[in-house]
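Here's start_34.pdb, which has PDB, C-alpha atoms:
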```pdb
ATOM      1  CA  MET J   1      23.900  -7.953 -28.663
ATOM      2  CA  ASP J   2      22.856 -11.652 -28.662
ATOM      3  CA  ASN J   3      19.317 -12.928 -28.026
ATOM      4  CA  LYS J   4      20.131 -13.892 -24.454
ATOM      5  CA  SER J   5      21.404 -10.394 -23.666
ATOM      6  CA  ARG J   6      18.407  -8.760 -25.324
ATOM      7  CA  ARG J   7      16.092 -11.043 -23.378
ATOM      8  CA  LYS J   8      17.876 -10.202 -20.123
ATOM      9  CA  GLY J   9      17.583  -6.484 -20.862
ATOM     10  CA  HIS J  10      13.892  -6.881 -21.647
ATOM     11  CA  ILE J  11      13.322  -8.691 -18.356
ATOM     12  CA  MET J  12      15.078  -6.034 -16.322
ATOM     13  CA  ASN J  13      13.174  -3.246 -18.058
ATOM     14  CA  SER J  14       9.881  -5.049 -17.515
ATOM     15  CA  PHE J  15      10.593  -5.490 -13.810
ATOM     16  CA  THR J  16      11.557  -1.824 -13.521
ATOM     17  CA  ASP J  17       8.455  -0.748 -15.432
ATOM     18  CA  ILE J  18       6.207  -2.780 -13.173
ATOM     19  CA  MET J  19       7.844  -1.553  -9.970
ATOM     20  CA  ALA J  20       7.479   2.041 -11.185
ATOM     21  CA  ASP J  21       3.784   1.721 -10.331
ATOM     22  CA  VAL J  22       4.488   0.958  -6.672
ATOM     23  CA  ASP J  23       3.837   4.618  -5.804
ATOM     24  CA  LYS J  24       0.252   4.103  -6.949
ATOM     25  CA  LEU J  25      -0.272   1.769  -4.003
ATOM     26  CA  ASP J  26      -1.032   3.465  -0.724
ATOM     27  CA  PRO J  27       1.942   2.814   1.573
ATOM     28  CA  LEU J  28       1.326   0.875   4.756
ATOM     29  CA  PRO J  29       0.802   3.036   7.833
ATOM     30  CA  GLN J  30       4.116   3.602   9.584
ATOM     31  CA  THR J  31       2.572   2.022  12.686
ATOM     32  CA  ALA J  32       1.993  -1.229  10.784
ATOM     33  CA  ALA J  33       5.595  -1.441   9.562
ATOM     34  CA  LYS J  34       6.940  -0.824  13.083
ATOM     35  CA  LEU J  35       4.541  -3.341  14.582
ATOM     36  CA  ALA J  36       5.538  -5.969  12.009
ATOM     37  CA  GLN J  37       9.166  -5.691  13.124
ATOM     38  CA  ILE J  38       8.147  -6.097  16.764
ATOM     39  CA  VAL J  39       5.860  -9.074  16.156
ATOM     40  CA  SER J  40       8.615 -10.832  14.189
ATOM     41  CA  ASP J  41      11.019 -10.412  17.133
ATOM     42  CA  GLU J  42      10.727 -13.411  19.452
ATOM     43  CA  LYS J  43      12.042 -11.291  22.326
ATOM     44  CA  SER J  44       9.246  -8.706  22.092
ATOM     45  CA  VAL J  45       6.547  -8.489  24.759
ATOM     46  CA  ILE J  46       2.959  -7.242  24.892
ATOM     47  CA  ASP J  47       4.021  -3.835  26.230
ATOM     48  CA  ASP J  48       6.161  -3.308  23.115
ATOM     49  CA  VAL J  49       3.055  -3.777  20.964
ATOM     50  CA  VAL J  50       0.951  -1.489  23.150
ATOM     51  CA  LYS J  51       3.530   1.310  22.912
ATOM     52  CA  ILE J  52       3.289   1.212  19.113
ATOM     53  CA  VAL J  53      -0.505   1.317  18.756
ATOM     54  CA  GLN J  54      -1.840   3.175  21.785
ATOM     55  CA  TYR J  55      -1.064   6.676  20.503
ATOM     56  CA  ASP J  56      -2.650   6.109  17.091
ATOM     57  CA  GLN J  57      -6.267   7.095  17.731
ATOM     58  CA  ALA J  58      -7.701   5.624  14.540
ATOM     59  CA  ILE J  59      -5.991   2.268  15.045
ATOM     60  CA  SER J  60      -6.856   2.173  18.752
ATOM     61  CA  ALA J  61     -10.518   2.707  17.875
ATOM     62  CA  VAL J  62     -10.501  -0.166  15.398
ATOM     63  CA  ILE J  63      -8.755  -2.491  17.842
ATOM     64  CA  LEU J  64     -11.229  -1.663  20.609
ATOM     65  CA  LYS J  65     -14.162  -2.274  18.286
ATOM     66  CA  MET J  66     -12.869  -5.601  17.065
ATOM     67  CA  ALA J  67     -11.838  -6.819  20.487
ATOM     68  CA  ASN J  68     -15.367  -6.143  21.722
ATOM     69  CA  SER J  69     -17.082  -7.668  18.676
ATOM     70  CA  ALA J  70     -18.681 -11.077  18.398
ATOM     71  CA  PHE J  71     -15.615 -12.083  16.360
ATOM     72  CA  SER J  72     -13.407 -12.050  19.437
ATOM     73  CA  ALA J  73     -15.886 -14.118  21.493
ATOM     74  CA  SER J  74     -15.187 -11.934  24.512
ATOM     75  CA  LYS J  75     -17.951 -11.783  27.134
ATOM     76  CA  ARG J  76     -16.331  -8.900  28.988
ATOM     77  CA  LYS J  77     -16.173  -5.390  27.560
ATOM     78  CA  MET J  78     -12.613  -4.188  27.094
ATOM     79  CA  ASN J  79     -11.731  -0.536  27.548
ATOM     80  CA  SER J  80      -7.939  -0.398  27.175
ATOM     81  CA  VAL J  81      -5.630  -1.030  24.258
ATOM     82  CA  LYS J  82      -3.513  -3.381  26.361
ATOM     83  CA  GLU J  83      -6.521  -5.561  27.151
ATOM     84  CA  CYS J  84      -7.318  -5.691  23.445
ATOM     85  CA  VAL J  85      -3.772  -6.649  22.499
ATOM     86  CA  ILE J  86      -3.806  -9.448  25.063
ATOM     87  CA  ARG J  87      -7.215 -10.625  23.859
ATOM     88  CA  LEU J  88      -6.548 -10.528  20.117
ATOM     89  CA  GLY J  89      -2.819 -11.253  20.162
ATOM     90  CA  PRO J  90      -0.042  -9.241  18.455
ATOM     91  CA  GLY J  91      -0.312 -11.254  15.229
ATOM     92  CA  ARG J  92      -4.012 -10.476  14.876
ATOM     93  CA  ILE J  93      -3.432  -6.783  15.675
ATOM     94  CA  LEU J  94      -0.829  -6.638  12.904
ATOM     95  CA  GLU J  95      -3.191  -8.340  10.475
ATOM     96  CA  ILE J  96      -5.916  -5.795  11.270
ATOM     97  CA  LEU J  97      -3.549  -2.868  10.685
ATOM     98  CA  VAL J  98      -2.221  -4.241   7.410
ATOM     99  CA  SER J  99      -5.751  -5.083   6.242
ATOM    100  CA  LYS J 100      -6.797  -1.469   6.687
ATOM    101  CA  GLY J 101      -3.906  -0.420   4.498
ATOM    102  CA  VAL J 102      -4.447  -2.829   1.587
ATOM    103  CA  ARG J 103      -8.159  -3.651   1.579
ATOM    104  CA  GLY J 104      -9.160  -0.806  -0.739
ATOM    105  CA  VAL J 105      -6.709  -1.625  -3.518
ATOM    106  CA  MET J 106      -7.328  -5.377  -3.170
ATOM    107  CA  ASN J 107     -11.037  -4.827  -3.764
ATOM    108  CA  ARG J 108     -10.579  -3.843  -7.400
ATOM    109  CA  PRO J 109     -11.154  -6.422 -10.163
ATOM    110  CA  LEU J 110      -8.097  -7.959 -11.845
ATOM    111  CA  LYS J 111      -9.523  -9.180 -15.134
ATOM    112  CA  GLN J 112      -6.191 -10.502 -16.410
ATOM    113  CA  TYR J 113      -6.261 -13.004 -13.546
ATOM    114  CA  GLY J 114      -9.977 -13.629 -13.963
ATOM    115  CA  TYR J 115     -10.764 -11.887 -10.665
ATOM    116  CA  VAL J 116     -14.010  -9.987 -10.282
ATOM    117  CA  GLU J 117     -14.366  -7.115  -7.800
ATOM    118  CA  LYS J 118     -13.253  -8.072  -4.265
ATOM    119  CA  GLU J 119     -12.024 -11.521  -5.316
ATOM    120  CA  LEU J 120      -8.352 -10.848  -4.534
ATOM    121  CA  TRP J 121      -9.380  -9.389  -1.163
ATOM    122  CA  TYR J 122     -11.558 -12.404  -0.392
ATOM    123  CA  HIS J 123      -8.755 -14.784  -1.370
ATOM    124  CA  SER J 124      -6.318 -12.874   0.836
ATOM    125  CA  VAL J 125      -8.663 -12.903   3.843
ATOM    126  CA  ALA J 126      -9.433 -16.599   3.384
ATOM    127  CA  SER J 127      -5.691 -17.281   3.276
ATOM    128  CA  ALA J 128      -5.138 -15.339   6.507
ATOM    129  CA  ILE J 129      -7.954 -17.242   8.220
ATOM    130  CA  ALA J 130      -6.471 -20.518   6.990
ATOM    131  CA  ALA J 131      -3.088 -19.501   8.423
ATOM    132  CA  GLU J 132      -4.750 -19.082  11.799
ATOM    133  CA  TYR J 133      -6.123 -22.631  11.694
ATOM    134  CA  ILE J 134      -2.863 -24.035  10.366
ATOM    135  CA  ASN J 135      -1.247 -22.523  13.479
ATOM    136  CA  LYS J 136      -3.909 -24.295  15.527
ATOM    137  CA  TYR J 137      -3.379 -27.779  14.055
ATOM    138  CA  ALA J 138       0.278 -27.863  13.030
ATOM    139  CA  LYS J 139       2.677 -29.479  15.452
ATOM    140  CA  THR J 140       5.471 -27.197  14.207
ATOM    141  CA  ASN J 141       5.795 -23.816  15.920
ATOM    142  CA  ILE J 142       4.705 -21.055  13.498
ATOM    143  CA  SER J 143       4.966 -17.342  14.229
ATOM    144  CA  GLY J 144       1.756 -15.314  14.461
ATOM    145  CA  ILE J 145       3.175 -13.088  11.747
ATOM    146  CA  SER J 146       2.147 -15.827   9.314
ATOM    147  CA  PHE J 147      -1.399 -14.325   9.308
ATOM    148  CA  THR J 148      -0.046 -11.159   7.713
ATOM    149  CA  ALA J 149       2.264 -13.024   5.338
ATOM    150  CA  ALA J 150      -0.737 -15.038   4.119
ATOM    151  CA  LEU J 151      -2.802 -11.869   3.735
ATOM    152  CA  LEU J 152      -0.124 -10.265   1.536
ATOM    153  CA  HIS J 153       1.169 -13.257  -0.430
ATOM    154  CA  ASP J 154      -0.474 -12.174  -3.726
ATOM    155  CA  LEU J 155       0.410  -8.502  -3.337
ATOM    156  CA  GLY J 156       2.479  -8.579  -6.522
ATOM    157  CA  LYS J 157      -0.599  -9.209  -8.660
ATOM    158  CA  LEU J 158      -1.691  -5.627  -7.986
ATOM    159  CA  LEU J 159       1.272  -4.326  -9.992
ATOM    160  CA  ILE J 160       2.004  -7.028 -12.534
ATOM    161  CA  VAL J 161      -1.589  -6.846 -13.747
ATOM    162  CA  ASN J 162      -0.976  -3.267 -14.937
ATOM    163  CA  LYS J 163       1.478  -4.561 -17.561
ATOM    164  CA  LEU J 164      -0.162  -7.911 -18.329
ATOM    165  CA  SER J 165      -1.631  -7.650 -21.828
ATOM    166  CA  ASP J 166      -4.294  -9.926 -23.291
ATOM    167  CA  THR J 167      -1.608 -11.390 -25.557
ATOM    168  CA  GLU J 168       0.584 -12.275 -22.568
ATOM    169  CA  VAL J 169      -2.388 -13.772 -20.717
ATOM    170  CA  PHE J 170      -3.027 -15.958 -23.788
ATOM    171  CA  GLU J 171       0.650 -16.958 -23.838
ATOM    172  CA  ILE J 172       0.553 -17.839 -20.127
ATOM    173  CA  LEU J 173      -2.585 -19.964 -20.573
ATOM    174  CA  LYS J 174      -1.023 -21.675 -23.590
ATOM    175  CA  LEU J 175       2.090 -22.547 -21.575
ATOM    176  CA  ILE J 176      -0.035 -23.910 -18.742
ATOM    177  CA  ARG J 177      -1.974 -26.105 -21.144
ATOM    178  CA  ASN J 178       0.924 -27.322 -23.301
ATOM    179  CA  GLU J 179       3.664 -27.677 -20.691
ATOM    180  CA  LYS J 180       1.476 -28.639 -17.709
ATOM    181  CA  ILE J 181       2.987 -25.942 -15.508
ATOM    182  CA  SER J 182       1.464 -23.553 -12.975
ATOM    183  CA  TRP J 183       0.480 -19.930 -13.614
ATOM    184  CA  SER J 184       3.454 -18.636 -11.608
ATOM    185  CA  GLU J 185       5.850 -20.828 -13.616
ATOM    186  CA  ALA J 186       4.297 -19.547 -16.843
ATOM    187  CA  GLU J 187       4.715 -15.949 -15.623
ATOM    188  CA  LYS J 188       8.421 -16.693 -15.136
ATOM    189  CA  LYS J 189       8.699 -17.938 -18.704
ATOM    190  CA  VAL J 190       6.877 -14.924 -20.147
ATOM    191  CA  PHE J 191       8.363 -12.148 -17.983
ATOM    192  CA  GLY J 192      11.437 -13.696 -16.381
ATOM    193  CA  PHE J 193       9.827 -13.137 -12.950
ATOM    194  CA  ASN J 194       6.416 -13.678 -11.416
ATOM    195  CA  HIS J 195       3.957 -11.979  -9.078
ATOM    196  CA  ALA J 196       5.752 -13.470  -6.060
ATOM    197  CA  ASP J 197       8.969 -11.661  -7.032
ATOM    198  CA  ILE J 198       7.059  -8.386  -7.416
ATOM    199  CA  GLY J 199       5.192  -8.871  -4.136
ATOM    200  CA  ALA J 200       8.394  -9.533  -2.221
ATOM    201  CA  LYS J 201       9.907  -6.338  -3.610
ATOM    202  CA  ILE J 202       6.843  -4.327  -2.523
ATOM    203  CA  ALA J 203       7.086  -5.827   0.981
ATOM    204  CA  ASP J 204      10.768  -4.871   1.079
ATOM    205  CA  ILE J 205       9.970  -1.279   0.047
ATOM    206  CA  TRP J 206       7.337  -1.175   2.794
ATOM    207  CA  LYS J 207      10.071  -2.266   5.275
ATOM    208  CA  LEU J 208       8.249  -5.399   6.368
ATOM    209  CA  PRO J 209      10.214  -8.116   8.209
ATOM    210  CA  GLU J 210      12.399 -10.482   6.215
ATOM    211  CA  SER J 211      10.212 -13.429   7.251
ATOM    212  CA  ILE J 212       7.209 -11.892   5.447
ATOM    213  CA  ILE J 213       9.303 -10.959   2.403
ATOM    214  CA  GLN J 214      10.634 -14.509   2.088
ATOM    215  CA  ALA J 215       7.185 -16.066   2.533
ATOM    216  CA  ILE J 216       5.778 -13.894  -0.262
ATOM    217  CA  LEU J 217       8.795 -14.585  -2.478
ATOM    218  CA  ASN J 218       8.643 -18.363  -2.039
ATOM    219  CA  HIS J 219       4.925 -19.117  -1.800
ATOM    220  CA  HIS J 220       5.136 -20.934  -5.159
ATOM    221  CA  ASN J 221       8.728 -22.175  -4.802
ATOM    222  CA  ASP J 222       9.154 -25.903  -4.149
ATOM    223  CA  GLU J 223      12.875 -25.522  -3.511
ATOM    224  CA  HIS J 224      12.965 -22.927  -0.734
ATOM    225  CA  ASP J 225      14.810 -23.627   2.499
ATOM    226  CA  PHE J 226      12.614 -24.922   5.301
ATOM    227  CA  ASP J 227      10.699 -22.064   6.855
ATOM    228  CA  PRO J 228       7.475 -22.608   8.847
ATOM    229  CA  ILE J 229       5.973 -19.241   7.831
ATOM    230  CA  THR J 230       6.533 -19.890   4.119
ATOM    231  CA  ASP J 231       5.115 -23.404   4.457
ATOM    232  CA  CYS J 232       2.103 -22.005   6.294
ATOM    233  CA  VAL J 233       1.470 -19.450   3.531
ATOM    234  CA  ARG J 234       1.755 -22.105   0.831
ATOM    235  CA  VAL J 235      -0.847 -24.268   2.557
ATOM    236  CA  SER J 236      -3.118 -21.291   3.280
ATOM    237  CA  ASN J 237      -3.065 -20.343  -0.422
ATOM    238  CA  VAL J 238      -4.345 -23.811  -1.318
ATOM    239  CA  VAL J 239      -6.990 -23.764   1.426
ATOM    240  CA  ALA J 240      -8.358 -20.420   0.187
ATOM    241  CA  ARG J 241      -8.828 -21.897  -3.284
ATOM    242  CA  VAL J 242     -10.347 -25.108  -1.958
ATOM    243  CA  VAL J 243     -13.033 -23.074  -0.175
ATOM    244  CA  GLY J 244     -13.724 -21.144  -3.387
ATOM    245  CA  HIS J 245     -11.840 -17.853  -3.159
ATOM    246  CA  GLY J 246      -9.253 -16.648  -5.692
ATOM    247  CA  ILE J 247      -9.489 -19.386  -8.301
ATOM    248  CA  GLY J 248      -9.803 -17.108 -11.355
ATOM    249  CA  LEU J 249      -7.944 -18.094 -14.533
ATOM    250  CA  GLU J 250      -5.271 -19.871 -12.480
ATOM    251  CA  GLY J 251      -7.749 -22.527 -11.449
ATOM    252  CA  MET J 252      -6.589 -25.039  -8.861
ATOM    253  CA  GLY J 253      -3.076 -25.141 -10.294
ATOM    254  CA  VAL J 254      -1.477 -25.122  -6.857
ATOM    255  CA  SER J 255      -0.861 -28.032  -4.543
ATOM    256  CA  ILE J 256       0.732 -28.919  -1.234
ATOM    257  CA  ASP J 257       3.997 -30.757  -1.513
ATOM    258  CA  SER J 258       4.030 -33.816   0.754
ATOM    259  CA  ASN J 259       7.243 -32.508   2.328
ATOM    260  CA  ILE J 260       5.393 -29.396   3.519
ATOM    261  CA  ALA J 261       2.691 -31.457   5.221
ATOM    262  CA  GLU J 262       5.393 -33.540   6.864
ATOM    263  CA  ARG J 263       7.320 -30.482   8.060
ATOM    264  CA  LEU J 264       4.222 -28.871   9.537
ATOM    265  CA  ILE J 265       3.018 -32.282  10.750
ATOM    266  CA  ILE J 266      -0.494 -31.837   9.327
ATOM    267  CA  SER J 267      -2.529 -34.918   8.432
ATOM    268  CA  ARG J 268      -5.078 -35.157   5.603
ATOM    269  CA  GLU J 269      -7.859 -35.124   8.187
ATOM    270  CA  GLN J 270      -6.464 -31.970   9.775
ATOM    271  CA  PHE J 271      -6.189 -30.312   6.347
ATOM    272  CA  GLU J 272      -9.861 -31.058   5.747
ATOM    273  CA  LEU J 273     -10.706 -29.559   9.156
ATOM    274  CA  ILE J 274      -8.677 -26.433   8.300
ATOM    275  CA  CYS J 275     -10.665 -26.062   5.064
ATOM    276  CA  ALA J 276     -14.003 -26.570   6.827
ATOM    277  CA  GLU J 277     -13.244 -24.128   9.634
ATOM    278  CA  THR J 278     -11.882 -21.523   7.214
ATOM    279  CA  ALA J 279     -15.045 -21.696   5.124
ATOM    280  CA  GLN J 280     -17.209 -21.420   8.236
ATOM    281  CA  LYS J 281     -15.388 -18.387   9.621
ATOM    282  CA  PHE J 282     -14.928 -16.506   6.327
ATOM    283  CA  ASN J 283     -18.219 -14.576   6.228
ATOM    284  CA  GLU J 284     -17.897 -13.599   9.877
ATOM    285  CA  VAL J 285     -14.413 -12.168   9.331
ATOM    286  CA  ILE J 286     -15.357 -10.361   6.120
ATOM    287  CA  SER J 287     -18.272  -8.768   7.947
ATOM    288  CA  MET J 288     -15.923  -7.659  10.718
ATOM    289  CA  TYR J 289     -13.673  -5.876   8.241
ATOM    290  CA  ASP J 290     -16.582  -4.328   6.348
ATOM    291  CA  ASN J 291     -17.960  -2.866   9.559
ATOM    292  CA  ALA J 292     -14.618  -1.712  10.952
TER     293      ALA J 292
END
```
Rewritten as structure tokens:
Amino acid sequence: MDNKSRRKGHIMNSFTDIMADVDKLDPLPQTAAKLAQIVSDEKSVIDDVVKIVQYDQAISAVILKMANSAFSASKRKMNSVKECVIRLGPGRILEILVSKGVRGVMNRPLKQYGYVEKELWYHSVASAIAAEYINKYAKTNISGISFTAALLHDLGKLLIVNKLSDTEVFEILKLIRNEKISWSEAEKKVFGFNHADIGAKIADIWKLPESIIQAILNHHNDEHDFDPITDCVRVSNVVARVVGHGIGLEGMGVSIDSNIAERLIISREQFELICAETAQKFNEVISMYDNA
């Protein structure tokens, strides 16, 4: 067997080994997976969303609480799930459901990435908030499902970190320094795949919509086909780091390609506003989740 074949076999075994730990992650609630499919369907209506969530007592309670919180800025008390769905929007409802499913595991420290306790969760929430403001300022139409895609974009780190040795971290950092490449590119060189590949596979196993899977897969890929959700996630990842969440050992080794800004039609001034508003809203949103 030649070196190339051995290397290919090693890569496949590594990917399989890493994905073997997927059962250690709590699966998303079935309601969340169903809702994700509905929200991604442009033909869906509010009643479709209500039918999915209204019979889940735990989820209905959370939605009612959040819709009536200061976060929603509602002055009128809401008593029905349908009112809450209208108030918060299907995309926000989906984000809340998914957050409940992944918050616990995202709270743990990931020392191989330089993340202390809760840092991955904070980065994910900041990214989701940024996606909301990108939707506000971008001239391009972006689906509300982008909030959830942004929240989950680094999902793969939860598994790849289990197999990432100190030696491999050193090798990744050495590649970054010597070859002037990003962390995700260095992961590709070391493993043959990166955390985006792992995250996309997890999202596929969880039966999330293809639009979320592709956004996770390509959030570090400069050569992906034009997709507003993927572009939104790529920008939101940068915004979260700019406001100080999720920097870790990767540092600020991510950037926004000028083509992305042009596709979303976001100016430099608007990007700065997105960063400022994300930073301002972050503590309020984190508090909302902590008290849910």
Practice task
Apply the PyMOL selection byres ((chain J and resi 81-84) around 7) to the displayed file and report the matching residues as a PyMOL selection string.
Solution key: chain J and resi 50+54+60+63-64+67+78-80+85-88
Practice task
Tell me which of J:Val39, J:Val238, J:Val125, J:Cys232 sits closest to Tyr137 (chain J), counting all atoms listed in the file.
Solution key: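 Ranked by minimum distance to Tyr137 (chain J), first place goes to J:Cys232.
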Practice task
Have a look at J:Ala130, J:Leu164, J:Asn283, J:Gly144 and name the one nearest to Phe271 (chain J); count all atoms listed in the file.
Solution key: J:Ala130
Problem - Point-to-point distance from CA of Gly156 (chain J) to CA of Ser258 (chain J), Å rounded to tenths - result: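 Computed distance, CA of Gly156 (chain J) to CA of Ser258 (chain J), equals 26.3 Å.
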Practice task
May I ask for the distance between CA of Ala58 (chain J) and CA of Tyr289 (chain J), given in Å to one decimal place?
Solution key: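 Computed distance, CA of Ala58 (chain J) to CA of Tyr289 (chain J), equals 14.4 Å.
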For this structure, which residues satisfy the selection - the PyMOL selection byres ((chain J and resi 124) around 9) - when it is evaluated on the file as given? I want them as an mmCIF file with C-alpha atoms, keeping the file's coordinate frame.
```
data_model
loop_
_atom_site.group_PDB
_atom_site.id
_atom_site.type_symbol
_atom_site.label_atom_id
_atom_site.label_comp_id
_atom_site.auth_asym_id
_atom_site.auth_seq_id
_atom_site.Cartn_x
_atom_site.Cartn_y
_atom_site.Cartn_z
ATOM 1 C CA MET J 106 -7.328 -5.377 -3.170
ATOM 2 C CA GLU J 119 -12.024 -11.521 -5.316
ATOM 3 C CA LEU J 120 -8.352 -10.848 -4.534
ATOM 4 C CA TRP J 121 -9.380 -9.389 -1.163
ATOM 5 C CA TYR J 122 -11.558 -12.404 -0.392
ATOM 6 C CA HIS J 123 -8.755 -14.784 -1.370
ATOM 7 C CA VAL J 125 -8.663 -12.903 3.843
ATOM 8 C CA ALA J 126 -9.433 -16.599 3.384
ATOM 9 C CA SER J 127 -5.691 -17.281 3.276
ATOM 10 C CA ALA J 128 -5.138 -15.339 6.507
ATOM 11 C CA ILE J 129 -7.954 -17.242 8.220
ATOM 12 C CA ALA J 150 -0.737 -15.038 4.119
ATOM 13 C CA LEU J 151 -2.802 -11.869 3.735
ATOM 14 C CA LEU J 152 -0.124 -10.265 1.536
ATOM 15 C CA HIS J 153 1.169 -13.257 -0.430
ATOM 16 C CA ASP J 154 -0.474 -12.174 -3.726
ATOM 17 C CA ASN J 237 -3.065 -20.343 -0.422
ATOM 18 C CA ALA J 240 -8.358 -20.420 0.187
ATOM 19 C CA HIS J 245 -11.840 -17.853 -3.159
ATOM 20 C CA GLY J 246 -9.253 -16.648 -5.692
#
```
Exercise for the section: Using the chain letters and residue numbers of this document, give as a ChimeraX atom specification the residues selected by the PyMOL selection byres ((chain J and resi 180-195) around 10). Expected result: /J:7-8,10-12,14-15,113,153-161,164,168-169,171-179,196-201,216-217,219-221,249-255
Exercise for the section: Tell me, in Å to one decimal, how far CA of Ile93 (chain J) is from CA of Glu272 (chain J). Expected result: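 Distance reported for this atom pair: 27.0 Å.
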Taking every listed atom of region 11-28 of chain J and adding 3 Å to each side, what centre and edge lengths in Å (one decimal) does the axis-aligned box have, as lines of an AutoDock Vina configuration file?
```
center_x = 7.0
center_y = -2.0
center_z = -6.8
size_x = 22.1
size_y = 19.3
size_z = 29.1
```
